[in-house]
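> One file: coords17.cif (mmCIF, C-alpha atoms and all ligand atoms).
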data_entry
loop_
_atom_site.label_atom_id
_atom_site.label_comp_id
_atom_site.auth_asym_id
_atom_site.auth_seq_id
_atom_site.Cartn_x
_atom_site.Cartn_y
_atom_site.Cartn_z
CA MET N 1 58.14 137.24 179.69
CA PRO N 2 55.02 139.44 179.42
CA LYS N 3 55.79 143.13 179.79
CA PHE N 4 52.83 143.72 182.11
CA SER N 5 51.54 141.77 185.10
CA LYS N 6 48.06 141.67 186.66
CA ILE N 7 49.44 143.96 189.35
CA ASP N 8 50.47 146.47 186.68
CA ALA N 9 46.93 146.35 185.26
CA HIS N 10 45.49 146.92 188.72
CA TRP N 11 47.51 150.09 189.30
CA MET N 12 46.93 151.40 185.80
CA SER N 13 43.19 150.98 186.15
CA ILE N 14 43.35 153.17 189.26
CA ALA N 15 45.38 155.76 187.34
CA LEU N 16 42.75 155.74 184.55
CA LYS N 17 39.97 156.28 187.07
CA LEU N 18 41.88 159.19 188.57
CA ALA N 19 42.44 160.66 185.10
CA SER N 20 38.74 160.60 184.32
CA ASN N 21 38.09 162.91 187.29
CA GLY N 22 39.58 165.65 185.13
CA ARG N 23 37.11 165.30 182.28
CA PHE N 24 35.11 168.39 183.26
CA SER N 25 38.03 170.68 183.93
CA THR N 26 41.41 170.05 182.23
CA MET N 27 40.62 171.56 178.83
CA PRO N 28 42.53 172.40 176.67
CA ASN N 29 44.84 169.92 178.38
CA PRO N 30 44.34 166.14 178.30
CA ASN N 31 43.06 164.00 181.19
CA VAL N 32 45.94 162.30 182.98
CA GLY N 33 46.17 160.19 186.14
CA CYS N 34 49.19 158.80 188.00
CA VAL N 35 49.88 156.45 190.89
CA ILE N 36 53.22 155.80 192.60
CA VAL N 37 53.93 152.35 194.04
CA ASP N 38 57.03 151.72 196.21
CA ILE N 39 59.47 148.80 195.95
CA LYS N 40 57.37 146.75 198.37
CA GLY N 41 54.29 147.20 196.21
CA ASN N 42 52.54 149.75 198.42
CA LEU N 43 50.64 152.69 196.97
CA ILE N 44 52.47 155.81 198.20
CA GLY N 45 51.05 158.58 196.02
CA GLN N 46 48.25 159.36 193.60
CA GLY N 47 47.14 162.36 191.61
CA TYR N 48 45.50 163.63 188.49
CA HIS N 49 45.66 166.73 186.35
CA GLN N 50 42.81 169.03 187.36
CA LYS N 51 43.17 172.24 185.43
CA ALA N 52 45.41 173.73 182.76
CA GLY N 53 48.15 175.83 184.34
CA GLN N 54 48.13 173.72 187.49
CA GLY N 55 50.12 170.61 188.45
CA HIS N 56 50.35 167.70 186.07
CA ALA N 57 49.26 164.26 187.27
CA GLU N 58 52.82 163.01 187.93
CA VAL N 59 53.78 166.06 189.96
CA ASN N 60 50.58 165.84 192.00
CA ALA N 61 51.20 162.14 192.67
CA LEU N 62 54.85 162.68 193.64
CA PHE N 63 53.77 165.47 195.96
CA ASP N 64 51.14 163.16 197.46
CA ALA N 65 53.94 160.64 198.11
CA GLY N 66 55.82 163.27 200.09
CA PHE N 67 58.33 164.34 197.43
CA ILE N 68 58.51 167.97 196.44
CA PRO N 69 58.99 168.03 192.64
CA HIS N 70 61.14 170.65 190.93
CA GLN N 71 62.76 171.78 194.16
CA ASN N 72 64.97 168.79 194.67
CA SER N 73 68.03 169.50 192.51
CA ALA N 74 69.49 171.97 195.03
CA ILE N 75 69.03 169.46 197.88
CA SER N 76 70.62 166.60 195.98
CA GLN N 77 73.59 168.81 195.00
CA SER N 78 74.29 169.64 198.64
CA TYR N 79 73.55 166.11 199.88
CA PRO N 80 74.63 163.66 197.14
CA HIS N 81 73.42 160.66 199.16
CA PHE N 82 69.96 162.11 199.77
CA THR N 83 67.33 159.44 199.07
CA PRO N 84 63.83 160.67 198.29
CA VAL N 85 60.83 158.69 199.61
CA THR N 86 60.03 157.82 196.02
CA SER N 87 63.43 156.26 195.29
CA GLY N 88 63.11 152.96 193.40
CA ALA N 89 59.32 153.31 193.04
CA THR N 90 57.20 152.66 189.96
CA ALA N 91 55.03 155.39 188.44
CA TYR N 92 51.91 154.34 186.54
CA VAL N 93 50.87 157.17 184.20
CA THR N 94 48.00 157.21 181.72
CA LEU N 95 49.87 159.56 179.35
CA GLU N 96 53.53 159.85 178.43
CA PRO N 97 55.13 162.29 180.90
CA CYS N 98 55.80 165.68 179.33
CA SER N 99 59.34 166.69 178.41
CA HIS N 100 58.70 170.37 177.74
CA THR N 101 58.21 173.49 179.79
CA GLY N 102 54.67 174.65 179.10
CA LYS N 103 52.70 176.40 181.79
CA THR N 104 54.48 174.03 184.20
CA PRO N 105 58.00 172.45 184.24
CA PRO N 106 58.59 169.01 182.65
CA CYS N 107 57.28 165.93 184.45
CA THR N 108 60.25 163.90 183.17
CA THR N 109 62.58 166.08 185.29
CA ALA N 110 60.39 165.54 188.35
CA LEU N 111 60.32 161.75 187.88
CA ILE N 112 64.10 161.60 187.38
CA GLU N 113 64.76 163.75 190.47
CA ALA N 114 62.38 161.54 192.45
CA GLN N 115 64.62 158.56 191.52
CA ILE N 116 61.69 156.63 190.07
CA ALA N 117 62.99 153.26 188.80
CA ARG N 118 60.21 152.31 186.37
CA VAL N 119 57.53 154.27 184.51
CA VAL N 120 54.55 152.39 183.07
CA ILE N 121 52.74 154.45 180.43
CA ALA N 122 49.32 153.76 178.91
CA SER N 123 49.51 156.01 175.85
CA VAL N 124 51.99 158.24 174.03
CA ASP N 125 51.28 162.01 174.08
CA SER N 126 49.92 163.12 170.70
CA ASN N 127 51.18 166.66 171.34
CA PRO N 128 54.06 167.01 168.82
CA GLU N 129 56.04 168.97 171.43
CA VAL N 130 56.15 165.86 173.60
CA MET N 131 55.43 162.76 171.45
CA ASN N 132 58.03 160.09 172.34
CA LYS N 133 60.47 162.70 173.63
CA GLY N 134 59.27 162.11 177.18
CA ILE N 135 59.88 158.38 176.85
CA VAL N 136 63.38 158.86 175.42
CA LEU N 137 64.37 161.32 178.17
CA LEU N 138 63.31 158.87 180.88
CA GLN N 139 65.17 156.00 179.21
CA GLU N 140 68.29 158.13 178.84
CA ALA N 141 68.15 158.73 182.59
CA GLY N 142 68.26 154.94 183.13
CA ILE N 143 64.58 154.53 183.98
CA GLN N 144 62.79 151.40 182.73
CA VAL N 145 59.88 152.55 180.56
CA ASP N 146 57.07 150.17 179.59
CA THR N 147 54.47 151.60 177.24
CA GLY N 148 51.05 150.47 176.00
CA LEU N 149 49.30 149.08 179.06
CA MET N 150 45.55 149.80 178.60
CA GLY N 151 46.43 152.12 175.77
CA SER N 152 43.00 152.11 174.15
CA GLU N 153 41.24 153.02 177.41
CA ALA N 154 43.68 155.90 177.85
CA GLN N 155 43.18 157.05 174.25
CA LYS N 156 39.43 157.12 174.80
CA LEU N 157 39.86 159.49 177.71
CA ASN N 158 41.47 161.97 175.36
CA THR N 159 39.75 161.39 172.02
CA ALA N 160 39.09 165.08 171.43
CA PHE N 161 42.52 166.29 172.57
CA ASN N 162 44.26 163.68 170.40
CA PHE N 163 42.13 164.58 167.39
CA ARG N 164 42.94 168.29 167.67
CA MET N 165 46.65 167.53 168.07
CA THR N 166 46.75 165.29 165.01
CA HIS N 167 44.23 167.07 162.71
CA ASN N 168 44.28 170.72 163.84
CA LYS N 169 40.48 170.50 164.06
CA PRO N 170 38.20 170.01 167.04
CA TRP N 171 36.31 166.76 167.65
CA VAL N 172 32.73 167.64 166.70
CA ILE N 173 29.72 165.89 168.21
CA VAL N 174 26.20 166.51 166.92
CA LYS N 175 23.48 165.91 169.47
CA LEU N 176 20.06 164.83 168.24
CA ALA N 177 16.89 164.25 170.27
CA THR N 178 14.50 162.18 168.21
CA SER N 179 11.53 159.90 168.24
CA ILE N 180 11.92 156.23 167.37
CA ASP N 181 11.07 157.16 163.76
CA GLY N 182 13.94 159.68 163.70
CA LYS N 183 11.89 162.87 163.94
CA THR N 184 12.63 165.90 166.09
CA ALA N 185 9.37 167.87 165.96
CA LEU N 186 5.87 167.82 164.57
CA LYS N 187 5.25 169.59 161.28
CA ASN N 188 4.00 172.63 163.23
CA GLY N 189 7.33 172.81 165.08
CA GLN N 190 6.07 171.44 168.38
CA SER N 191 8.97 169.59 170.01
CA LYS N 192 8.84 170.12 173.81
CA TRP N 193 9.56 167.53 175.27
CA ILE N 194 10.26 164.48 173.17
CA THR N 195 13.04 163.04 175.30
CA GLY N 196 12.69 162.72 179.07
CA SER N 197 14.19 164.60 182.02
CA LYS N 198 17.02 162.05 182.52
CA SER N 199 18.15 162.67 178.93
CA ARG N 200 18.16 166.39 179.56
CA ILE N 201 20.39 165.89 182.64
CA ASN N 202 22.62 163.72 180.50
CA VAL N 203 22.89 166.56 177.98
CA GLN N 204 24.06 168.81 180.81
CA LEU N 205 26.85 166.28 181.54
CA GLU N 206 27.87 166.25 177.88
CA ARG N 207 27.90 170.05 177.76
CA ALA N 208 29.95 170.09 180.96
CA CYS N 209 32.83 168.09 179.47
CA SER N 210 32.84 170.04 176.19
CA CYS N 211 35.02 173.03 175.36
CA ALA N 212 32.38 174.69 173.17
CA ILE N 213 28.65 174.47 172.53
CA LEU N 214 27.85 175.18 168.90
CA SER N 215 24.54 176.34 167.47
CA GLY N 216 23.09 178.43 164.68
CA ALA N 217 21.17 181.69 164.49
CA ASP N 218 17.99 179.77 163.53
CA THR N 219 18.03 177.90 166.84
CA VAL N 220 18.82 181.03 168.86
CA ILE N 221 15.93 182.89 167.20
CA ALA N 222 13.47 179.99 167.49
CA ASP N 223 14.24 178.78 171.04
CA ASP N 224 16.23 181.59 172.71
CA PRO N 225 18.29 178.94 174.60
CA LYS N 226 20.98 179.69 177.20
CA LEU N 227 23.27 176.90 175.96
CA ASN N 228 25.13 176.81 179.26
CA VAL N 229 25.87 174.25 181.98
CA ARG N 230 23.38 174.43 184.83
CA ILE N 231 25.55 173.39 187.77
CA ASP N 232 22.53 172.68 189.97
CA GLU N 233 21.16 170.26 187.37
CA LEU N 234 24.37 168.19 187.28
CA PRO N 235 24.67 165.07 189.43
CA GLU N 236 26.63 165.86 192.63
CA PHE N 237 29.92 164.19 191.56
CA ALA N 238 29.93 166.16 188.32
CA SER N 239 29.02 169.51 189.81
CA SER N 240 31.99 169.41 192.20
CA LEU N 241 34.35 168.34 189.40
CA PHE N 242 32.92 170.94 186.99
CA GLN N 243 33.55 173.70 189.51
CA LYS N 244 37.31 173.13 189.19
CA ARG N 245 36.94 174.33 185.62
CA ALA N 246 38.14 177.80 184.64
CA ALA N 247 35.01 178.86 182.72
CA GLN N 248 31.73 177.72 181.19
CA PRO N 249 32.09 176.17 177.71
CA VAL N 250 32.25 178.92 175.13
CA ARG N 251 29.07 179.25 173.06
CA VAL N 252 29.77 179.37 169.34
CA ILE N 253 26.97 180.72 167.16
CA ILE N 254 26.96 180.67 163.37
CA ASP N 255 25.06 183.64 161.95
CA GLY N 256 25.78 184.07 158.24
CA GLN N 257 23.13 186.72 157.75
CA ASN N 258 23.55 188.93 160.84
CA ARG N 259 20.13 188.07 162.17
CA LEU N 260 21.07 188.26 165.86
CA HIS N 261 20.93 191.18 168.29
CA ASN N 262 21.80 191.69 171.96
CA ASN N 263 18.44 190.71 173.41
CA TYR N 264 18.79 186.93 173.24
CA GLN N 265 19.46 185.06 176.50
CA ILE N 266 22.95 183.87 175.47
CA PHE N 267 24.08 187.49 175.49
CA GLN N 268 22.65 188.26 178.94
CA ASP N 269 25.30 186.58 181.11
CA GLU N 270 29.04 187.15 181.60
CA HIS N 271 30.12 183.94 179.83
CA LYS N 272 31.71 184.15 176.44
CA VAL N 273 29.88 183.85 173.11
CA MET N 274 31.75 183.64 169.80
CA VAL N 275 29.62 184.73 166.86
CA PHE N 276 30.83 183.75 163.41
CA ASN N 277 29.49 185.92 160.60
CA ALA N 278 30.43 187.20 157.15
CA GLN N 279 30.44 190.84 158.16
CA HIS N 280 30.70 192.58 161.52
CA ASN N 281 27.25 192.87 163.11
CA PRO N 282 26.87 196.38 164.66
CA LEU N 283 23.86 195.22 166.72
CA LEU N 284 25.94 192.78 168.74
CA THR N 285 27.58 194.97 171.36
CA ALA N 286 27.13 192.91 174.55
CA ASN N 287 30.35 192.57 176.57
CA ASN N 288 30.54 188.79 176.31
CA ILE N 289 30.61 188.68 172.48
CA GLU N 290 33.58 188.07 170.20
CA GLN N 291 32.69 188.39 166.50
CA ILE N 292 34.81 186.56 163.94
CA GLN N 293 34.41 186.90 160.19
CA VAL N 294 34.80 184.05 157.72
CA ALA N 295 33.88 183.75 154.05
CA LEU N 296 30.41 182.90 152.76
CA LEU N 297 30.44 179.92 150.43
CA ASP N 298 27.91 178.78 147.88
CA PRO N 299 26.61 175.21 148.15
CA LYS N 300 29.51 173.97 146.00
CA GLY N 301 32.05 175.40 148.43
CA ASN N 302 33.08 178.45 146.34
CA GLN N 303 33.31 181.97 147.76
CA THR N 304 30.22 184.13 147.23
CA THR N 305 28.91 187.53 148.26
CA GLN N 306 25.29 186.43 148.16
CA HIS N 307 23.43 185.74 151.38
CA ARG N 308 21.50 182.55 152.18
CA GLN N 309 24.63 180.48 151.77
CA TYR N 310 26.79 178.92 154.41
CA LEU N 311 29.71 180.38 156.24
CA ASP N 312 32.93 178.48 155.62
CA LEU N 313 32.44 175.79 158.26
CA GLN N 314 35.90 174.36 157.62
CA ALA N 315 37.47 177.75 158.38
CA ILE N 316 35.37 178.03 161.54
CA MET N 317 36.72 174.70 162.76
CA HIS N 318 40.28 175.84 162.13
CA VAL N 319 39.67 179.00 164.15
CA LEU N 320 38.27 176.87 166.99
CA ALA N 321 41.30 174.56 166.88
CA GLU N 322 43.63 177.59 167.00
CA LYS N 323 41.72 178.63 170.11
CA GLN N 324 42.58 175.22 171.61
CA ILE N 325 39.00 173.94 171.54
CA ASN N 326 39.13 170.14 171.69
CA ARG N 327 35.50 169.07 171.95
CA VAL N 328 32.59 170.83 170.25
CA TRP N 329 29.08 169.85 171.35
CA THR N 330 26.55 170.83 168.70
CA GLU N 331 22.90 171.46 169.51
CA THR N 332 21.25 172.94 166.48
CA GLY N 333 18.66 172.45 163.76
CA ALA N 334 18.52 170.00 160.88
CA ALA N 335 20.04 172.44 158.36
CA LEU N 336 23.29 173.25 160.20
CA SER N 337 23.68 169.69 161.51
CA GLY N 338 23.24 168.45 157.93
CA ALA N 339 25.72 170.99 156.53
CA LEU N 340 28.35 169.97 159.07
CA LEU N 341 27.79 166.31 158.17
CA ASN N 342 27.97 167.02 154.45
CA MET N 343 31.23 168.94 154.95
CA ASN N 344 32.73 165.92 156.76
CA LEU N 345 33.21 167.95 159.92
CA VAL N 346 31.32 165.69 162.30
CA ASN N 347 33.10 162.94 164.22
CA GLU N 348 30.34 161.62 166.40
CA LEU N 349 26.55 161.64 166.69
CA ILE N 350 24.84 161.32 170.04
CA VAL N 351 21.18 160.50 169.60
CA TYR N 352 18.72 160.54 172.49
CA GLN N 353 15.82 158.51 171.20
CA ALA N 354 12.40 158.59 172.82
CA PRO N 355 9.97 155.68 172.51
CA MET N 356 7.34 157.49 170.44
CA LEU N 357 6.41 157.83 166.79
CA LEU N 358 5.81 161.29 165.38
CA GLY N 359 4.47 160.50 161.93
CA SER N 360 5.42 160.95 158.33
CA ASP N 361 5.06 164.72 158.09
CA ALA N 362 7.13 165.36 161.23
CA ARG N 363 10.53 167.09 160.90
CA GLY N 364 13.64 165.01 160.23
CA ALA N 365 16.71 165.23 162.44
CA VAL N 366 19.32 166.19 159.84
CA ASN N 367 19.00 167.69 156.41
CA ILE N 368 21.75 166.18 154.29
CA GLY N 369 19.83 166.65 151.04
CA GLN N 370 18.31 163.99 148.83
CA LEU N 371 20.38 160.93 148.10
CA THR N 372 19.93 158.98 144.90
CA ASN N 373 22.43 156.25 145.53
CA LEU N 374 23.16 154.23 148.67
CA GLN N 375 26.84 154.97 148.17
CA GLN N 376 26.07 158.58 149.11
CA ALA N 377 24.83 157.51 152.54
CA ILE N 378 26.80 158.78 155.51
CA GLU N 379 27.94 155.66 157.31
CA THR N 380 28.38 155.40 161.03
CA GLU N 381 29.14 152.70 163.54
CA PHE N 382 27.60 152.12 166.94
CA GLU N 383 30.07 152.96 169.69
CA GLU N 384 27.78 152.69 172.70
CA VAL N 385 24.10 152.20 173.41
CA THR N 386 22.72 152.86 176.89
CA GLN N 387 19.31 153.48 178.38
CA VAL N 388 18.86 156.90 179.98
CA GLY N 389 15.58 157.02 181.89
CA GLY N 390 12.95 155.99 179.37
CA ASP N 391 15.11 156.91 176.35
CA LEU N 392 17.98 155.34 174.48
CA LYS N 393 21.32 157.14 174.22
CA ILE N 394 23.13 156.05 171.08
CA ARG N 395 26.71 157.08 170.39
CA LEU N 396 27.76 156.67 166.78
CA LEU N 397 31.13 157.35 165.22
CA ILE N 398 31.11 158.69 161.69
CA LYS N 399 33.08 156.41 159.38
CA SER N 400 35.68 158.42 157.52
C1 LIG N 501 51.85 165.25 181.59
N1 LIG N 501 51.01 165.13 182.65
O1 LIG N 501 49.13 165.60 183.71
C2 LIG N 501 49.39 166.46 181.55
C3 LIG N 501 50.25 166.52 180.42
O2 LIG N 501 51.04 173.94 179.59
P1 LIG N 501 51.29 172.71 180.40
O3 LIG N 501 52.59 172.78 181.15
O4 LIG N 501 50.14 172.36 181.32
O5 LIG N 501 51.46 171.49 179.36
C4 LIG N 501 50.37 171.04 178.62
C5 LIG N 501 50.78 169.87 177.77
O6 LIG N 501 51.35 168.85 178.58
C6 LIG N 501 49.59 169.22 177.06
O7 LIG N 501 49.38 169.76 175.78
C7 LIG N 501 50.03 167.76 176.97
O8 LIG N 501 50.91 167.54 175.90
C8 LIG N 501 50.80 167.60 178.27
N2 LIG N 501 49.86 167.20 179.32
N3 LIG N 501 51.44 165.88 180.48
O9 LIG N 501 52.98 164.79 181.65
C9 LIG N 501 49.82 165.71 182.69
N4 LIG N 501 48.21 167.10 181.57
ZN ZN N 502 53.79 166.99 182.58
#
In structure tokens, how does this file's structure come out?


Amino acid sequence: MPKFSKIDAHWMSIALKLASNGRFSTMPNPNVGCVIVDIKGNLIGQGYHQKAGQGHAEVNALFDAGFIPHQNSAISQSYPHFTPVTSGATAYVTLEPCSHTGKTPPCTTALIEAQIARVVIASVDSNPEVMNKGIVLLQEAGIQVDTGLMGSEAQKLNTAFNFRMTHNKPWVIVKLATSIDGKTALKNGQSKWITGSKSRINVQLERACSCAILSGADTVIADDPKLNVRIDELPEFASSLFQKRAAQPVRVIIDGQNRLHNNYQIFQDEHKVMVFNAQHNPLLTANNIEQIQVALLDPKGNQTTQHRQYLDLQAIMHVLAEKQINRVWTETGAALSGALLNMNLVNELIVYQAPMLLGSDARGAVNIGQLTNLQQAIETEFEEVTQVGGDLKIRLLIKS
């Protein structure tokens, strides 16, 4: 007998849709959705995780069904025959229910107290504190647990979270805006605007679901960008979801040679900027700045005291992972994008490609050096191609 019916798939697809509502606001937590269906097959509760520190999806759904999670044990001790409204129901959850006390109590306890009979799970939690423990706890309480329904869709909702949990590194996306011949600017530097306004709105959406926006001192000096999310430029659905979020994405700037000072636009607002450098920069005194020192490396990856070389990008990524940054959105020049690619620190490229040709002396999108052998090529695979206004948006995964 198949483990999952069409009805199961129907409810899980609703739970996945609910989960995706959290994509602008749950960080560093994953996106999770849950629906509760009673014995007769009626939907009695639904919810999703909105913000770290607040209710998990299961608890929100149980609450929606009229059950008050984590307050029930006292009631059931005094009234052993008390039957909650959720008794015998099925919970469809996009992520394994948590078994630990983090910022909130365990969802497994809530589901058990609610006398849920069956839990259908799309994907296992990659957080080592939870992984499979939630499933075992539910089974030990006599609940039927069926796992794996629409697992790959659920995994895709949490690609960056899962990657940080399993690799202790953030999921790094490099954004490129190019012509059809792969160029980003004319030889004289002129680059405004190659891609169209719809692409720029799309970039705002990508920034809005990222934990950090990464750039380099070169870009800050050349363009003086804000690198923030402009809420009024987001489509309406996204701006209301984004406003549930605790803070703007943190801006992360790599400045190996202490070329920055307080006067750039990124330092003029109250939102956080992390500046990575080799030595403390006394000119950076704005209130929103955190400076972090890492080693300078020569092009072969050895430590060096000479300038001109790169900061230890690997170390930077570890610092970001320790700070629970899941998704890093990179908007920077060809040199830093190329260095990140060469160091194997990029997971995904998002290319907005405009239908124009900029010519042979125009600037290339990434500087990965000169290759002499096709085996040195960085290989990618197309994940998604869509049209955004008059441009193409191409998502590519880097092959490891
Ligand atoms: C669930 N349902 O909706 C979410 C889960 O600090 P806390 O209490 O918010 O716990 C965060 C961890 O819980 C997170 O790392 C992940 O493993 C899990 N997230 N689990 O059962 C949810 N958001
Ligand atoms: Zn939970």

> Residues within 8 Å of ligand LIG 501 (chain N), counting all atoms listed in the file: report them as a ChimeraX atom specification.

/N:26,28-33,48-49,52-59,95-108,125-131

> How would the residues just picked look written out with C-alpha atoms as a compact mmCIF listing (two decimals), in the frame of the given file?


# COMPACT_ATOMS: atom_id res chain seq x y z
CA THR N 26 41.41 170.05 182.23
CA PRO N 28 42.53 172.40 176.67
CA ASN N 29 44.84 169.92 178.38
CA PRO N 30 44.34 166.14 178.30
CA ASN N 31 43.06 164.00 181.19
CA VAL N 32 45.94 162.30 182.98
CA GLY N 33 46.17 160.19 186.14
CA TYR N 48 45.50 163.63 188.49
CA HIS N 49 45.66 166.73 186.35
CA ALA N 52 45.41 173.73 182.76
CA GLY N 53 48.15 175.83 184.34
CA GLN N 54 48.13 173.72 187.49
CA GLY N 55 50.12 170.61 188.45
CA HIS N 56 50.35 167.70 186.07
CA ALA N 57 49.26 164.26 187.27
CA GLU N 58 52.82 163.01 187.93
CA VAL N 59 53.78 166.06 189.96
CA LEU N 95 49.87 159.56 179.35
CA GLU N 96 53.53 159.85 178.43
CA PRO N 97 55.13 162.29 180.90
CA CYS N 98 55.80 165.68 179.33
CA SER N 99 59.34 166.69 178.41
CA HIS N 100 58.70 170.37 177.74
CA THR N 101 58.21 173.49 179.79
CA GLY N 102 54.67 174.65 179.10
CA LYS N 103 52.70 176.40 181.79
CA THR N 104 54.48 174.03 184.20
CA PRO N 105 58.00 172.45 184.24
CA PRO N 106 58.59 169.01 182.65
CA CYS N 107 57.28 165.93 184.45
CA THR N 108 60.25 163.90 183.17
CA ASP N 125 51.28 162.01 174.08
CA SER N 126 49.92 163.12 170.70
CA ASN N 127 51.18 166.66 171.34
CA PRO N 128 54.06 167.01 168.82
CA GLU N 129 56.04 168.97 171.43
CA VAL N 130 56.15 165.86 173.60
CA MET N 131 55.43 162.76 171.45

> Smallest atom-to-atom distance to Ser123 in chain N: which of N:Tyr92, N:Met317, N:Ile143, N:Tyr264, using all atoms listed in the file?

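Closest residue, counting all atoms listed in the file: N:Tyr92.
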
> Taking all atoms listed in the file into account, which of N:Ala154, N:Gln71, N:Thr109, N:Ala91 comes nearest ligand ZN 502 (chain N)?

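Using all atoms listed in the file, ligand ZN 502 (chain N) sits closest to N:Thr109.
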
> Give me the residues within 12 Å of Asp269 in chain N as a ChimeraX atom specification, counting only C-alpha atoms and dropping any in the same chain fewer than 2 places off.

/N:226-228,248,250-251,262-267,271-273,286-289

> Taking (51.1, 149.5, 194.3) in the file's coordinates, which residues come within 12 Å, counting all atoms listed in the file, written as a list of chain:residue names?

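Selection result: N:Lys6, N:Ile7, N:Asp8, N:Ala9, N:His10, N:Trp11, N:Met12, N:Ser13, N:Ile14, N:Ala15, N:Cys34, N:Val35, N:Ile36, N:Val37, N:Asp38, N:Ile39, N:Lys40, N:Gly41, N:Asn42, N:Leu43, N:Ile44, N:Gly45, N:Gln46, N:Ala89, N:Thr90, N:Ala91, N:Tyr92.
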
> Do a neighbour search on His280 in chain N at 7 Å with all atoms listed in the file, toss out local chain neighbours closer than 2 positions, and write the hits as number ranges by chain.

N: 277-278, 282, 291, 293

> For a test of reading the model, state the distance in Å between CA of Val275 in chain N and CA of Ala321 in chain N, rounded to one decimal.

15.5 Å

> Skipping near chain neighbours, those fewer than 3 positions away, what residues fall within 7 Å of Ala122 in chain N using only C-alpha atoms, listed as a list in words?

Val93, Thr94, Leu95, Thr147, Gly148, Leu149, Met150, Gly151 and Ala154 of chain N

> Generate the output file for the selected residues, C-alpha atoms, as a compact mmCIF listing (two decimals), in the coordinates of the input.


# COMPACT_ATOMS: atom_id res chain seq x y z
CA VAL N 93 50.87 157.17 184.20
CA THR N 94 48.00 157.21 181.72
CA LEU N 95 49.87 159.56 179.35
CA THR N 147 54.47 151.60 177.24
CA GLY N 148 51.05 150.47 176.00
CA LEU N 149 49.30 149.08 179.06
CA MET N 150 45.55 149.80 178.60
CA GLY N 151 46.43 152.12 175.77
CA ALA N 154 43.68 155.90 177.85

> For Trp329 in chain N, work out the shell of residues within 10 Å, counting all atoms listed in the file and skipping chain neighbours fewer than 5 positions away, then give it as a short mmCIF file (atom, residue, chain, number, x, y, z; two decimals) with C-alpha atoms, keeping the file's coordinate frame.


data_model
loop_
_atom_site.label_atom_id
_atom_site.label_comp_id
_atom_site.auth_asym_id
_atom_site.auth_seq_id
_atom_site.Cartn_x
_atom_site.Cartn_y
_atom_site.Cartn_z
CA TRP N 171 36.31 166.76 167.65
CA VAL N 172 32.73 167.64 166.70
CA ILE N 173 29.72 165.89 168.21
CA VAL N 174 26.20 166.51 166.92
CA LYS N 175 23.48 165.91 169.47
CA VAL N 203 22.89 166.56 177.98
CA GLU N 206 27.87 166.25 177.88
CA ARG N 207 27.90 170.05 177.76
CA ALA N 208 29.95 170.09 180.96
CA CYS N 209 32.83 168.09 179.47
CA SER N 210 32.84 170.04 176.19
CA CYS N 211 35.02 173.03 175.36
CA ALA N 212 32.38 174.69 173.17
CA ILE N 213 28.65 174.47 172.53
CA LEU N 214 27.85 175.18 168.90
CA SER N 215 24.54 176.34 167.47
CA PRO N 249 32.09 176.17 177.71
CA ARG N 251 29.07 179.25 173.06
CA VAL N 252 29.77 179.37 169.34
CA GLU N 348 30.34 161.62 166.40
CA LEU N 349 26.55 161.64 166.69
CA ILE N 350 24.84 161.32 170.04
#

> If we count all atoms listed in the file and set the cut-off at 10 Å, which residues sit around Ser87 in chain N, ignoring sequence neighbours fewer than 6 positions away in its own chain? Please answer as JSON, numbers by chain.

{"N": [38, 39, 67, 111, 112, 113, 114, 115, 116, 117]}

> Considering only C-alpha atoms and all ligand atoms, state which residue in the set N:Leu16, N:Leu62, N:Leu176, N:Ala246 is at the smallest distance from ligand ZN 502 (chain N).

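Among the listed residues, N:Leu62 lies closest to ligand ZN 502 (chain N).
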
> Select from range 156-265 of chain N every residue with an atom at most 7 Å from any atom of range 352-355 of chain N, then for each give the shortest pair of atoms and their distance in Å to one decimal, using all atoms listed in the file, rows by chain and rising number, as CSV.


residue,atom,partner,partner_atom,distance
N:Leu176,CA,N:Tyr352,CA,6.2
N:Ala177,CA,N:Tyr352,CA,4.7
N:Thr178,CA,N:Gln353,CA,4.9
N:Ser179,CA,N:Ala354,CA,4.8
N:Ile180,CA,N:Pro355,CA,5.5
N:Ile194,CA,N:Ala354,CA,6.3
N:Thr195,CA,N:Ala354,CA,5.1
N:Ser199,CA,N:Tyr352,CA,6.8

> If I take CA of Glu383 in chain N and CA of Asn344 in chain N, how far is one from the other in Å, to one decimal?

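Answer for the CA of Glu383 in chain N to CA of Asn344 in chain N separation: 18.5 Å.
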
> Taking (28.1, 182.4, 157.5) in the coordinates of the supplied file, I want to know which residues reach to within 9 Å of it, counting only C-alpha atoms; could you give the answer as an mmCIF file with C-alpha atoms, keeping the file's coordinate frame?


data_model
loop_
_atom_site.group_PDB
_atom_site.id
_atom_site.type_symbol
_atom_site.label_atom_id
_atom_site.label_comp_id
_atom_site.auth_asym_id
_atom_site.auth_seq_id
_atom_site.Cartn_x
_atom_site.Cartn_y
_atom_site.Cartn_z
ATOM 1 C CA ILE N 254 26.960 180.670 163.370
ATOM 2 C CA ASP N 255 25.060 183.640 161.950
ATOM 3 C CA GLY N 256 25.780 184.070 158.240
ATOM 4 C CA GLN N 257 23.130 186.720 157.750
ATOM 5 C CA ASN N 258 23.550 188.930 160.840
ATOM 6 C CA PHE N 276 30.830 183.750 163.410
ATOM 7 C CA ASN N 277 29.490 185.920 160.600
ATOM 8 C CA ALA N 278 30.430 187.200 157.150
ATOM 9 C CA GLN N 279 30.440 190.840 158.160
ATOM 10 C CA GLN N 293 34.410 186.900 160.190
ATOM 11 C CA VAL N 294 34.800 184.050 157.720
ATOM 12 C CA ALA N 295 33.880 183.750 154.050
ATOM 13 C CA LEU N 296 30.410 182.900 152.760
ATOM 14 C CA LEU N 297 30.440 179.920 150.430
ATOM 15 C CA HIS N 307 23.430 185.740 151.380
ATOM 16 C CA ARG N 308 21.500 182.550 152.180
ATOM 17 C CA GLN N 309 24.630 180.480 151.770
ATOM 18 C CA TYR N 310 26.790 178.920 154.410
ATOM 19 C CA LEU N 311 29.710 180.380 156.240
ATOM 20 C CA ASP N 312 32.930 178.480 155.620
ATOM 21 C CA LEU N 313 32.440 175.790 158.260
#
